[in-house]
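Here's start38.pdb, which has PDB, C-alpha atoms:
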```
MODEL        1
ATOM      1  CA  MET A   1     125.957  93.870  93.241  1.00  0.00           C
ATOM      2  CA  LYS A   2     123.976  96.981  92.309  1.00  0.00           C
ATOM      3  CA  VAL A   3     121.365  97.798  94.949  1.00  0.00           C
ATOM      4  CA  ALA A   4     118.773 100.511  94.326  1.00  0.00           C
ATOM      5  CA  VAL A   5     116.280 101.970  96.777  1.00  0.00           C
ATOM      6  CA  TYR A   6     112.779 103.062  95.786  1.00  0.00           C
ATOM      7  CA  PRO A   7     111.451 105.272  98.609  1.00  0.00           C
ATOM      8  CA  GLY A   8     107.934 106.534  99.169  1.00  0.00           C
ATOM      9  CA  SER A   9     104.946 106.638 101.454  1.00  0.00           C
ATOM     10  CA  PHE A  10     102.969 104.136  99.318  1.00  0.00           C
ATOM     11  CA  ASP A  11      99.668 105.038 100.967  1.00  0.00           C
ATOM     12  CA  PRO A  12      98.475 102.975  99.139  1.00  0.00           C
ATOM     13  CA  ILE A  13     100.764 101.429  96.536  1.00  0.00           C
ATOM     14  CA  THR A  14      99.421 102.050  93.019  1.00  0.00           C
ATOM     15  CA  ASN A  15      99.884 100.406  89.645  1.00  0.00           C
ATOM     16  CA  GLY A  16     102.170 103.333  88.774  1.00  0.00           C
ATOM     17  CA  HIS A  17     104.429 102.449  91.720  1.00  0.00           C
ATOM     18  CA  LEU A  18     104.412  98.789  90.695  1.00  0.00           C
ATOM     19  CA  ASP A  19     105.389  99.672  87.160  1.00  0.00           C
ATOM     20  CA  ILE A  20     108.449 101.609  88.382  1.00  0.00           C
ATOM     21  CA  ILE A  21     109.394  98.850  90.865  1.00  0.00           C
ATOM     22  CA  LYS A  22     109.223  96.080  88.277  1.00  0.00           C
ATOM     23  CA  ARG A  23     111.161  98.084  85.689  1.00  0.00           C
ATOM     24  CA  ALA A  24     113.828  98.970  88.273  1.00  0.00           C
ATOM     25  CA  ALA A  25     114.082  95.274  89.222  1.00  0.00           C
ATOM     26  CA  ASN A  26     114.965  94.545  85.583  1.00  0.00           C
ATOM     27  CA  VAL A  27     117.846  97.046  85.732  1.00  0.00           C
ATOM     28  CA  PHE A  28     119.299  96.480  89.215  1.00  0.00           C
ATOM     29  CA  ASP A  29     120.370  93.307  91.009  1.00  0.00           C
ATOM     30  CA  GLU A  30     118.257  94.227  94.026  1.00  0.00           C
ATOM     31  CA  VAL A  31     115.571  96.836  94.644  1.00  0.00           C
ATOM     32  CA  ILE A  32     114.616  97.793  98.177  1.00  0.00           C
ATOM     33  CA  VAL A  33     111.167  99.363  98.384  1.00  0.00           C
ATOM     34  CA  VAL A  34     111.286 101.465 101.531  1.00  0.00           C
ATOM     35  CA  VAL A  35     108.239 102.969 103.179  1.00  0.00           C
ATOM     36  CA  LEU A  36     109.494 106.211 104.664  1.00  0.00           C
ATOM     37  CA  LEU A  37     107.708 107.786 107.573  1.00  0.00           C
ATOM     38  CA  ASN A  38     106.713 111.347 106.771  1.00  0.00           C
ATOM     39  CA  PRO A  39     105.627 113.229 109.909  1.00  0.00           C
ATOM     40  CA  GLN A  40     103.971 115.881 107.717  1.00  0.00           C
ATOM     41  CA  LYS A  41     101.576 113.384 106.137  1.00  0.00           C
ATOM     42  CA  LYS A  42      98.712 111.629 107.874  1.00  0.00           C
ATOM     43  CA  GLY A  43      98.347 108.285 106.195  1.00  0.00           C
ATOM     44  CA  LEU A  44      95.197 106.325 105.507  1.00  0.00           C
ATOM     45  CA  PHE A  45      97.055 103.108 106.285  1.00  0.00           C
ATOM     46  CA  SER A  46      99.490 102.511 109.127  1.00  0.00           C
ATOM     47  CA  VAL A  47     103.075 101.748 108.149  1.00  0.00           C
ATOM     48  CA  GLU A  48     102.524  98.106 109.077  1.00  0.00           C
ATOM     49  CA  GLU A  49      99.441  97.919 106.848  1.00  0.00           C
ATOM     50  CA  ARG A  50     101.318  99.516 103.944  1.00  0.00           C
ATOM     51  CA  LEU A  51     104.151  97.003 104.316  1.00  0.00           C
ATOM     52  CA  GLU A  52     101.648  94.131 104.307  1.00  0.00           C
ATOM     53  CA  LEU A  53      99.886  95.431 101.182  1.00  0.00           C
ATOM     54  CA  ILE A  54     103.185  95.878  99.337  1.00  0.00           C
ATOM     55  CA  LYS A  55     104.401  92.422 100.370  1.00  0.00           C
ATOM     56  CA  ARG A  56     101.143  90.916  99.159  1.00  0.00           C
ATOM     57  CA  VAL A  57     101.460  92.375  95.663  1.00  0.00           C
ATOM     58  CA  LEU A  58     105.209  91.765  95.315  1.00  0.00           C
ATOM     59  CA  LYS A  59     105.415  88.305  96.887  1.00  0.00           C
ATOM     60  CA  PHE A  60     106.789  86.555  93.787  1.00  0.00           C
ATOM     61  CA  ASN A  61     109.646  88.944  93.019  1.00  0.00           C
ATOM     62  CA  GLN A  62     112.966  87.480  94.132  1.00  0.00           C
ATOM     63  CA  ASN A  63     115.150  90.579  93.835  1.00  0.00           C
ATOM     64  CA  ILE A  64     112.768  92.989  95.574  1.00  0.00           C
ATOM     65  CA  LYS A  65     112.816  93.593  99.329  1.00  0.00           C
ATOM     66  CA  ILE A  66     110.323  95.649 101.321  1.00  0.00           C
ATOM     67  CA  GLU A  67     111.275  97.622 104.430  1.00  0.00           C
ATOM     68  CA  CYS A  68     110.340 100.736 106.391  1.00  0.00           C
ATOM     69  CA  TYR A  69     112.511 103.473 107.838  1.00  0.00           C
ATOM     70  CA  ASN A  70     112.134 106.502 110.043  1.00  0.00           C
ATOM     71  CA  GLY A  71     114.941 108.917 109.286  1.00  0.00           C
ATOM     72  CA  LEU A  72     117.004 110.376 106.480  1.00  0.00           C
ATOM     73  CA  LEU A  73     116.992 108.359 103.276  1.00  0.00           C
ATOM     74  CA  VAL A  74     120.773 108.727 102.927  1.00  0.00           C
ATOM     75  CA  ASP A  75     121.232 107.089 106.343  1.00  0.00           C
ATOM     76  CA  PHE A  76     119.101 104.151 105.193  1.00  0.00           C
ATOM     77  CA  MET A  77     121.188 103.979 102.014  1.00  0.00           C
ATOM     78  CA  LYS A  78     124.407 103.762 104.052  1.00  0.00           C
ATOM     79  CA  GLU A  79     122.946 100.996 106.240  1.00  0.00           C
ATOM     80  CA  LYS A  80     122.054  98.968 103.142  1.00  0.00           C
ATOM     81  CA  GLY A  81     125.194  99.739 101.139  1.00  0.00           C
ATOM     82  CA  ALA A  82     123.037 101.200  98.365  1.00  0.00           C
ATOM     83  CA  LYS A  83     124.184 104.008  96.083  1.00  0.00           C
ATOM     84  CA  VAL A  84     121.144 104.539  93.821  1.00  0.00           C
ATOM     85  CA  ILE A  85     117.765 106.101  94.583  1.00  0.00           C
ATOM     86  CA  ILE A  86     114.962 105.358  92.115  1.00  0.00           C
ATOM     87  CA  LYS A  87     112.323 108.034  91.631  1.00  0.00           C
ATOM     88  CA  GLY A  88     109.340 107.871  89.314  1.00  0.00           C
ATOM     89  CA  LEU A  89     108.322 110.980  87.405  1.00  0.00           C
ATOM     90  CA  ARG A  90     104.838 111.697  86.070  1.00  0.00           C
ATOM     91  CA  ALA A  91     105.053 115.351  85.055  1.00  0.00           C
ATOM     92  CA  MET A  92     107.300 118.394  85.118  1.00  0.00           C
ATOM     93  CA  SER A  93     105.918 119.321  88.539  1.00  0.00           C
ATOM     94  CA  ASP A  94     107.264 115.998  89.878  1.00  0.00           C
ATOM     95  CA  PHE A  95     110.649 116.761  88.352  1.00  0.00           C
ATOM     96  CA  GLU A  96     111.038 120.101  90.121  1.00  0.00           C
ATOM     97  CA  TYR A  97     110.378 118.592  93.542  1.00  0.00           C
ATOM     98  CA  GLU A  98     112.368 115.406  92.912  1.00  0.00           C
ATOM     99  CA  PHE A  99     115.289 117.366  91.463  1.00  0.00           C
ATOM    100  CA  GLN A 100     115.502 119.400  94.690  1.00  0.00           C
ATOM    101  CA  MET A 101     115.385 116.186  96.741  1.00  0.00           C
ATOM    102  CA  ALA A 102     118.088 114.597  94.565  1.00  0.00           C
ATOM    103  CA  LEU A 103     120.349 117.604  95.078  1.00  0.00           C
ATOM    104  CA  MET A 104     119.756 117.534  98.840  1.00  0.00           C
ATOM    105  CA  ASN A 105     120.467 113.800  99.047  1.00  0.00           C
ATOM    106  CA  ASN A 106     123.631 114.295  96.982  1.00  0.00           C
ATOM    107  CA  LYS A 107     124.695 117.135  99.305  1.00  0.00           C
ATOM    108  CA  LEU A 108     124.173 114.867 102.335  1.00  0.00           C
ATOM    109  CA  ASP A 109     126.040 112.000 100.644  1.00  0.00           C
ATOM    110  CA  PRO A 110     127.932 112.730  97.415  1.00  0.00           C
ATOM    111  CA  ASP A 111     128.177 108.978  96.680  1.00  0.00           C
ATOM    112  CA  VAL A 112     124.393 108.684  96.290  1.00  0.00           C
ATOM    113  CA  GLU A 113     122.923 109.054  92.803  1.00  0.00           C
ATOM    114  CA  THR A 114     119.269 109.503  91.886  1.00  0.00           C
ATOM    115  CA  VAL A 115     117.905 107.766  88.797  1.00  0.00           C
ATOM    116  CA  PHE A 116     114.647 109.134  87.395  1.00  0.00           C
ATOM    117  CA  MET A 117     112.297 106.743  85.609  1.00  0.00           C
ATOM    118  CA  MET A 118     109.466 108.169  83.556  1.00  0.00           C
ATOM    119  CA  THR A 119     106.085 106.661  84.261  1.00  0.00           C
ATOM    120  CA  ARG A 120     104.218 104.969  81.467  1.00  0.00           C
ATOM    121  CA  ALA A 121     101.609 107.247  79.889  1.00  0.00           C
ATOM    122  CA  GLU A 122      98.697 105.243  81.289  1.00  0.00           C
ATOM    123  CA  TYR A 123      99.848 106.070  84.849  1.00  0.00           C
ATOM    124  CA  SER A 124     100.812 109.719  84.325  1.00  0.00           C
ATOM    125  CA  TYR A 125      97.754 111.017  86.216  1.00  0.00           C
ATOM    126  CA  LEU A 126      97.852 108.432  88.992  1.00  0.00           C
ATOM    127  CA  SER A 127      98.759 109.172  92.610  1.00  0.00           C
ATOM    128  CA  SER A 128      98.020 107.597  95.969  1.00  0.00           C
ATOM    129  CA  SER A 129      96.142 110.774  96.922  1.00  0.00           C
ATOM    130  CA  SER A 130      93.821 110.538  93.918  1.00  0.00           C
ATOM    131  CA  VAL A 131      93.182 106.833  94.599  1.00  0.00           C
ATOM    132  CA  LYS A 132      92.217 107.635  98.200  1.00  0.00           C
ATOM    133  CA  GLN A 133      89.900 110.440  97.108  1.00  0.00           C
ATOM    134  CA  VAL A 134      88.133 108.264  94.541  1.00  0.00           C
ATOM    135  CA  ALA A 135      87.801 105.419  97.067  1.00  0.00           C
ATOM    136  CA  VAL A 136      86.420 107.656  99.834  1.00  0.00           C
ATOM    137  CA  PHE A 137      83.603 108.757  97.524  1.00  0.00           C
ATOM    138  CA  GLY A 138      82.861 105.220  96.343  1.00  0.00           C
ATOM    139  CA  GLY A 139      84.380 105.504  92.864  1.00  0.00           C
ATOM    140  CA  CYS A 140      85.925 102.633  90.923  1.00  0.00           C
ATOM    141  CA  ILE A 141      89.646 102.139  91.591  1.00  0.00           C
ATOM    142  CA  LYS A 142      90.049  99.055  89.403  1.00  0.00           C
ATOM    143  CA  GLY A 143      93.066  99.492  87.144  1.00  0.00           C
ATOM    144  CA  LEU A 144      94.551 102.099  89.485  1.00  0.00           C
ATOM    145  CA  VAL A 145      95.821  99.690  92.132  1.00  0.00           C
ATOM    146  CA  PRO A 146      96.535  95.945  92.153  1.00  0.00           C
ATOM    147  CA  ASP A 147      93.319  93.907  92.199  1.00  0.00           C
ATOM    148  CA  GLU A 148      94.354  92.001  95.321  1.00  0.00           C
ATOM    149  CA  ILE A 149      94.301  95.137  97.496  1.00  0.00           C
ATOM    150  CA  ILE A 150      91.188  96.906  96.154  1.00  0.00           C
ATOM    151  CA  SER A 151      88.951  95.579  98.930  1.00  0.00           C
ATOM    152  CA  ASP A 152      91.450  96.691 101.600  1.00  0.00           C
ATOM    153  CA  ILE A 153      91.509 100.225 100.193  1.00  0.00           C
ATOM    154  CA  LEU A 154      87.728 100.484  99.865  1.00  0.00           C
ATOM    155  CA  LYS A 155      87.168  99.135 103.367  1.00  0.00           C
ATOM    156  CA  LYS A 156      89.723 101.485 104.948  1.00  0.00           C
ATOM    157  CA  SER A 157      88.450 104.478 102.911  1.00  0.00           C
ATOM    158  CA  GLN A 158      84.863 103.948 103.963  1.00  0.00           C
ATOM    159  CA  SER A 159      85.796 103.573 107.626  1.00  0.00           C
ATOM    160  CA  SER A 160      87.772 106.839 107.528  1.00  0.00           C
ATOM    161  CA  LYS A 161      84.852 108.947 106.260  1.00  0.00           C
TER     162      LYS A 161
ENDMDL
END
```
Any chance you could give the structure as structure tokens?
Amino acid sequence: MKVAVYPGSFDPITNGHLDIIKRAANVFDEVIVVVLLNPQKKGLFSVEERLELIKRVLKFNQNIKIECYNGLLVDFMKEKGAKVIIKGLRAMSDFEYEFQMALMNNKLDPDVETVFMMTRAEYSYLSSSSVKQVAVFGGCIKGLVPDEIISDILKKSQSSK
């Protein structure tokens, strides 16, 4: 059974993330979406809230699991018996950073491979940070994130002003 892990902060999950998750689920037997805790980032949503939002939008996908982890990704991979990390790429600037991370993860565990998936063109500009910025200033985020979580994002963004 081929298990792949799609890590990120997902604060919040975007349609670009969902696109990569669904495409990865068509390639691998199981995809684990893991919300990693990044002490250098202050999130809009708590980890628990992010997990709930992701579960809400992915509730009908049988081969996708959602978890969180506080530690090295390669340690999570070992715990789950996974050998493949999925990373989405939007632009060359993403590649440079993700390439460094892939090399570091491979150094920490030579059995771990990173698979890069190019985003679809319509999501190439999309990031969680840009969604949060648009939401904080009252802009329209329809089409950027799943419809079922728009109200959560707008509510949280307005309360954080």
- Message: I need the output of the PyMOL selection byres ((chain A and resi 29) around 6) for this file as a VMD selection string; which residues are they?
- Response: chain A and resid 2 28 30
Using only C-alpha atoms, which residues sit within 12 Å of Asn63 of chain A once same-chain residues fewer than 6 positions away are excluded, as number ranges by chain? A: 1-5, 21-33
Give the padded box for segment 56-70 of chain A as JSON: axis-aligned, covering all atoms listed in the file, 3 Å on each side, centre and edge lengths in Å to one decimal.
```
{"center_x": 108.1, "center_y": 96.5, "center_z": 101.5, "size_x": 20.0, "size_y": 25.9, "size_z": 23.0}
```
Selection: 8 Å around Ile86 of chain A, all atoms listed in the file, excl. self and same-chain fewer than 2 positions, as a list of chain:residue names
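Once the nearby chain positions are removed, what remains is A:Ala4, A:Val5, A:Tyr6, A:Pro7, A:Ala24, A:Val84, A:Gly88, A:Thr114, A:Val115, A:Phe116, A:Met117.
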Best match for closeness to Leu144 of chain A among A:Lys156, A:Phe60, A:Ser128, A:Lys41, counting only C-alpha atoms
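That would be A:Ser128, the residue with the smallest distance to Leu144 of chain A.
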Might you spell out which residues the PyMOL selection byres ((chain A and resi 34) around 10) would select in the displayed file, as a PDB file with C-alpha atoms, in the coordinates of the input?
```
ATOM      1  CA  VAL A   5     116.280 101.970  96.777  1.00  0.00           C
ATOM      2  CA  TYR A   6     112.779 103.062  95.786  1.00  0.00           C
ATOM      3  CA  PRO A   7     111.451 105.272  98.609  1.00  0.00           C
ATOM      4  CA  GLY A   8     107.934 106.534  99.169  1.00  0.00           C
ATOM      5  CA  SER A   9     104.946 106.638 101.454  1.00  0.00           C
ATOM      6  CA  PHE A  10     102.969 104.136  99.318  1.00  0.00           C
ATOM      7  CA  VAL A  31     115.571  96.836  94.644  1.00  0.00           C
ATOM      8  CA  ILE A  32     114.616  97.793  98.177  1.00  0.00           C
ATOM      9  CA  VAL A  33     111.167  99.363  98.384  1.00  0.00           C
ATOM     10  CA  VAL A  35     108.239 102.969 103.179  1.00  0.00           C
ATOM     11  CA  LEU A  36     109.494 106.211 104.664  1.00  0.00           C
ATOM     12  CA  LEU A  37     107.708 107.786 107.573  1.00  0.00           C
ATOM     13  CA  LEU A  51     104.151  97.003 104.316  1.00  0.00           C
ATOM     14  CA  LYS A  65     112.816  93.593  99.329  1.00  0.00           C
ATOM     15  CA  ILE A  66     110.323  95.649 101.321  1.00  0.00           C
ATOM     16  CA  GLU A  67     111.275  97.622 104.430  1.00  0.00           C
ATOM     17  CA  CYS A  68     110.340 100.736 106.391  1.00  0.00           C
ATOM     18  CA  TYR A  69     112.511 103.473 107.838  1.00  0.00           C
ATOM     19  CA  ASN A  70     112.134 106.502 110.043  1.00  0.00           C
ATOM     20  CA  LEU A  73     116.992 108.359 103.276  1.00  0.00           C
ATOM     21  CA  PHE A  76     119.101 104.151 105.193  1.00  0.00           C
TER      22      PHE A  76
END
```
What does the distance between atom CA of Met77 of chain A and atom CA of Phe99 of chain A come to in Å, to one decimal place?
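That distance, rounded to one decimal, is 18.0 Å.
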Can you rebuild segment 111-122 of chain A with all heavy atoms and give it as an mmCIF file, in the coordinates of the input?
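The result, stored in result_3.cif:
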```cif
data_model
loop_
_atom_site.group_PDB
_atom_site.id
_atom_site.type_symbol
_atom_site.label_atom_id
_atom_site.label_comp_id
_atom_site.auth_asym_id
_atom_site.auth_seq_id
_atom_site.Cartn_x
_atom_site.Cartn_y
_atom_site.Cartn_z
ATOM 1 N N ASP A 111 128.093 110.278 97.348
ATOM 2 C CA ASP A 111 128.177 108.978 96.680
ATOM 3 C C ASP A 111 126.816 108.462 96.219
ATOM 4 O O ASP A 111 126.738 107.470 95.502
ATOM 5 C CB ASP A 111 128.817 107.936 97.607
ATOM 6 C CG ASP A 111 130.281 108.229 97.882
ATOM 7 O OD1 ASP A 111 130.936 108.838 97.009
ATOM 8 O OD2 ASP A 111 130.764 107.860 98.966
ATOM 9 N N VAL A 112 125.741 109.117 96.640
ATOM 10 C CA VAL A 112 124.393 108.684 96.290
ATOM 11 C C VAL A 112 123.952 109.356 94.998
ATOM 12 O O VAL A 112 124.075 110.566 94.846
ATOM 13 C CB VAL A 112 123.399 108.996 97.432
ATOM 14 C CG1 VAL A 112 121.962 108.798 96.981
ATOM 15 C CG2 VAL A 112 123.697 108.139 98.647
ATOM 16 N N GLU A 113 123.454 108.552 94.075
ATOM 17 C CA GLU A 113 122.923 109.054 92.803
ATOM 18 C C GLU A 113 121.421 108.798 92.751
ATOM 19 O O GLU A 113 120.946 107.794 93.273
ATOM 20 C CB GLU A 113 123.584 108.352 91.619
ATOM 21 C CG GLU A 113 125.060 108.633 91.481
ATOM 22 C CD GLU A 113 125.381 110.080 91.128
ATOM 23 O OE1 GLU A 113 124.498 110.788 90.612
ATOM 24 O OE2 GLU A 113 126.517 110.499 91.395
ATOM 25 N N THR A 114 120.703 109.689 92.098
ATOM 26 C CA THR A 114 119.269 109.503 91.886
ATOM 27 C C THR A 114 119.034 109.213 90.413
ATOM 28 O O THR A 114 119.537 109.932 89.549
ATOM 29 C CB THR A 114 118.475 110.746 92.314
ATOM 30 O OG1 THR A 114 118.713 110.989 93.706
ATOM 31 C CG2 THR A 114 116.984 110.559 92.082
ATOM 32 N N VAL A 115 118.277 108.146 90.158
ATOM 33 C CA VAL A 115 117.905 107.766 88.797
ATOM 34 C C VAL A 115 116.405 108.018 88.648
ATOM 35 O O VAL A 115 115.601 107.512 89.426
ATOM 36 C CB VAL A 115 118.233 106.282 88.512
ATOM 37 C CG1 VAL A 115 117.680 105.855 87.169
ATOM 38 C CG2 VAL A 115 119.736 106.044 88.590
ATOM 39 N N PHE A 116 116.049 108.827 87.654
ATOM 40 C CA PHE A 116 114.647 109.134 87.395
ATOM 41 C C PHE A 116 114.117 108.191 86.316
ATOM 42 O O PHE A 116 114.741 108.030 85.274
ATOM 43 C CB PHE A 116 114.483 110.579 86.921
ATOM 44 C CG PHE A 116 114.889 111.597 87.952
ATOM 45 C CD1 PHE A 116 116.030 112.359 87.781
ATOM 46 C CD2 PHE A 116 114.126 111.786 89.088
ATOM 47 C CE1 PHE A 116 116.411 113.304 88.723
ATOM 48 C CE2 PHE A 116 114.492 112.732 90.043
ATOM 49 C CZ PHE A 116 115.639 113.485 89.863
ATOM 50 N N MET A 117 112.969 107.596 86.593
ATOM 51 C CA MET A 117 112.297 106.743 85.609
ATOM 52 C C MET A 117 110.961 107.390 85.275
ATOM 53 O O MET A 117 110.176 107.703 86.175
ATOM 54 C CB MET A 117 112.090 105.331 86.161
ATOM 55 C CG MET A 117 113.393 104.602 86.436
ATOM 56 S SD MET A 117 113.141 102.905 87.011
ATOM 57 C CE MET A 117 112.904 102.099 85.430
ATOM 58 N N MET A 118 110.730 107.585 83.990
ATOM 59 C CA MET A 118 109.466 108.169 83.556
ATOM 60 C C MET A 118 108.357 107.126 83.685
ATOM 61 O O MET A 118 108.539 105.969 83.317
ATOM 62 C CB MET A 118 109.563 108.617 82.101
ATOM 63 C CG MET A 118 110.614 109.688 81.855
ATOM 64 S SD MET A 118 110.407 111.154 82.882
ATOM 65 C CE MET A 118 108.800 111.693 82.383
ATOM 66 N N THR A 119 107.227 107.560 84.175
ATOM 67 C CA THR A 119 106.085 106.661 84.261
ATOM 68 C C THR A 119 105.560 106.363 82.865
ATOM 69 O O THR A 119 105.772 107.130 81.928
ATOM 70 C CB THR A 119 104.970 107.286 85.126
ATOM 71 O OG1 THR A 119 103.966 106.319 85.357
ATOM 72 C CG2 THR A 119 104.346 108.485 84.454
ATOM 73 N N ARG A 120 104.897 105.261 82.727
ATOM 74 C CA ARG A 120 104.218 104.969 81.467
ATOM 75 C C ARG A 120 103.032 105.927 81.349
ATOM 76 O O ARG A 120 102.452 106.357 82.343
ATOM 77 C CB ARG A 120 103.743 103.529 81.442
ATOM 78 C CG ARG A 120 104.889 102.536 81.483
ATOM 79 C CD ARG A 120 104.405 101.141 81.132
ATOM 80 N NE ARG A 120 105.385 100.136 81.442
ATOM 81 C CZ ARG A 120 106.492 99.879 80.736
ATOM 82 N NH1 ARG A 120 106.762 100.601 79.673
ATOM 83 N NH2 ARG A 120 107.333 98.930 81.089
ATOM 84 N N ALA A 121 102.668 106.260 80.138
ATOM 85 C CA ALA A 121 101.609 107.247 79.889
ATOM 86 C C ALA A 121 100.309 106.897 80.610
ATOM 87 O O ALA A 121 99.629 107.784 81.134
ATOM 88 C CB ALA A 121 101.366 107.380 78.384
ATOM 89 N N GLU A 122 99.975 105.617 80.671
ATOM 90 C CA GLU A 122 98.697 105.243 81.289
ATOM 91 C C GLU A 122 98.649 105.492 82.797
ATOM 92 O O GLU A 122 97.587 105.421 83.412
ATOM 93 C CB GLU A 122 98.320 103.785 80.987
ATOM 94 C CG GLU A 122 99.260 102.746 81.567
ATOM 95 C CD GLU A 122 100.253 102.190 80.569
ATOM 96 O OE1 GLU A 122 100.693 102.922 79.660
ATOM 97 O OE2 GLU A 122 100.608 101.010 80.706
#
```
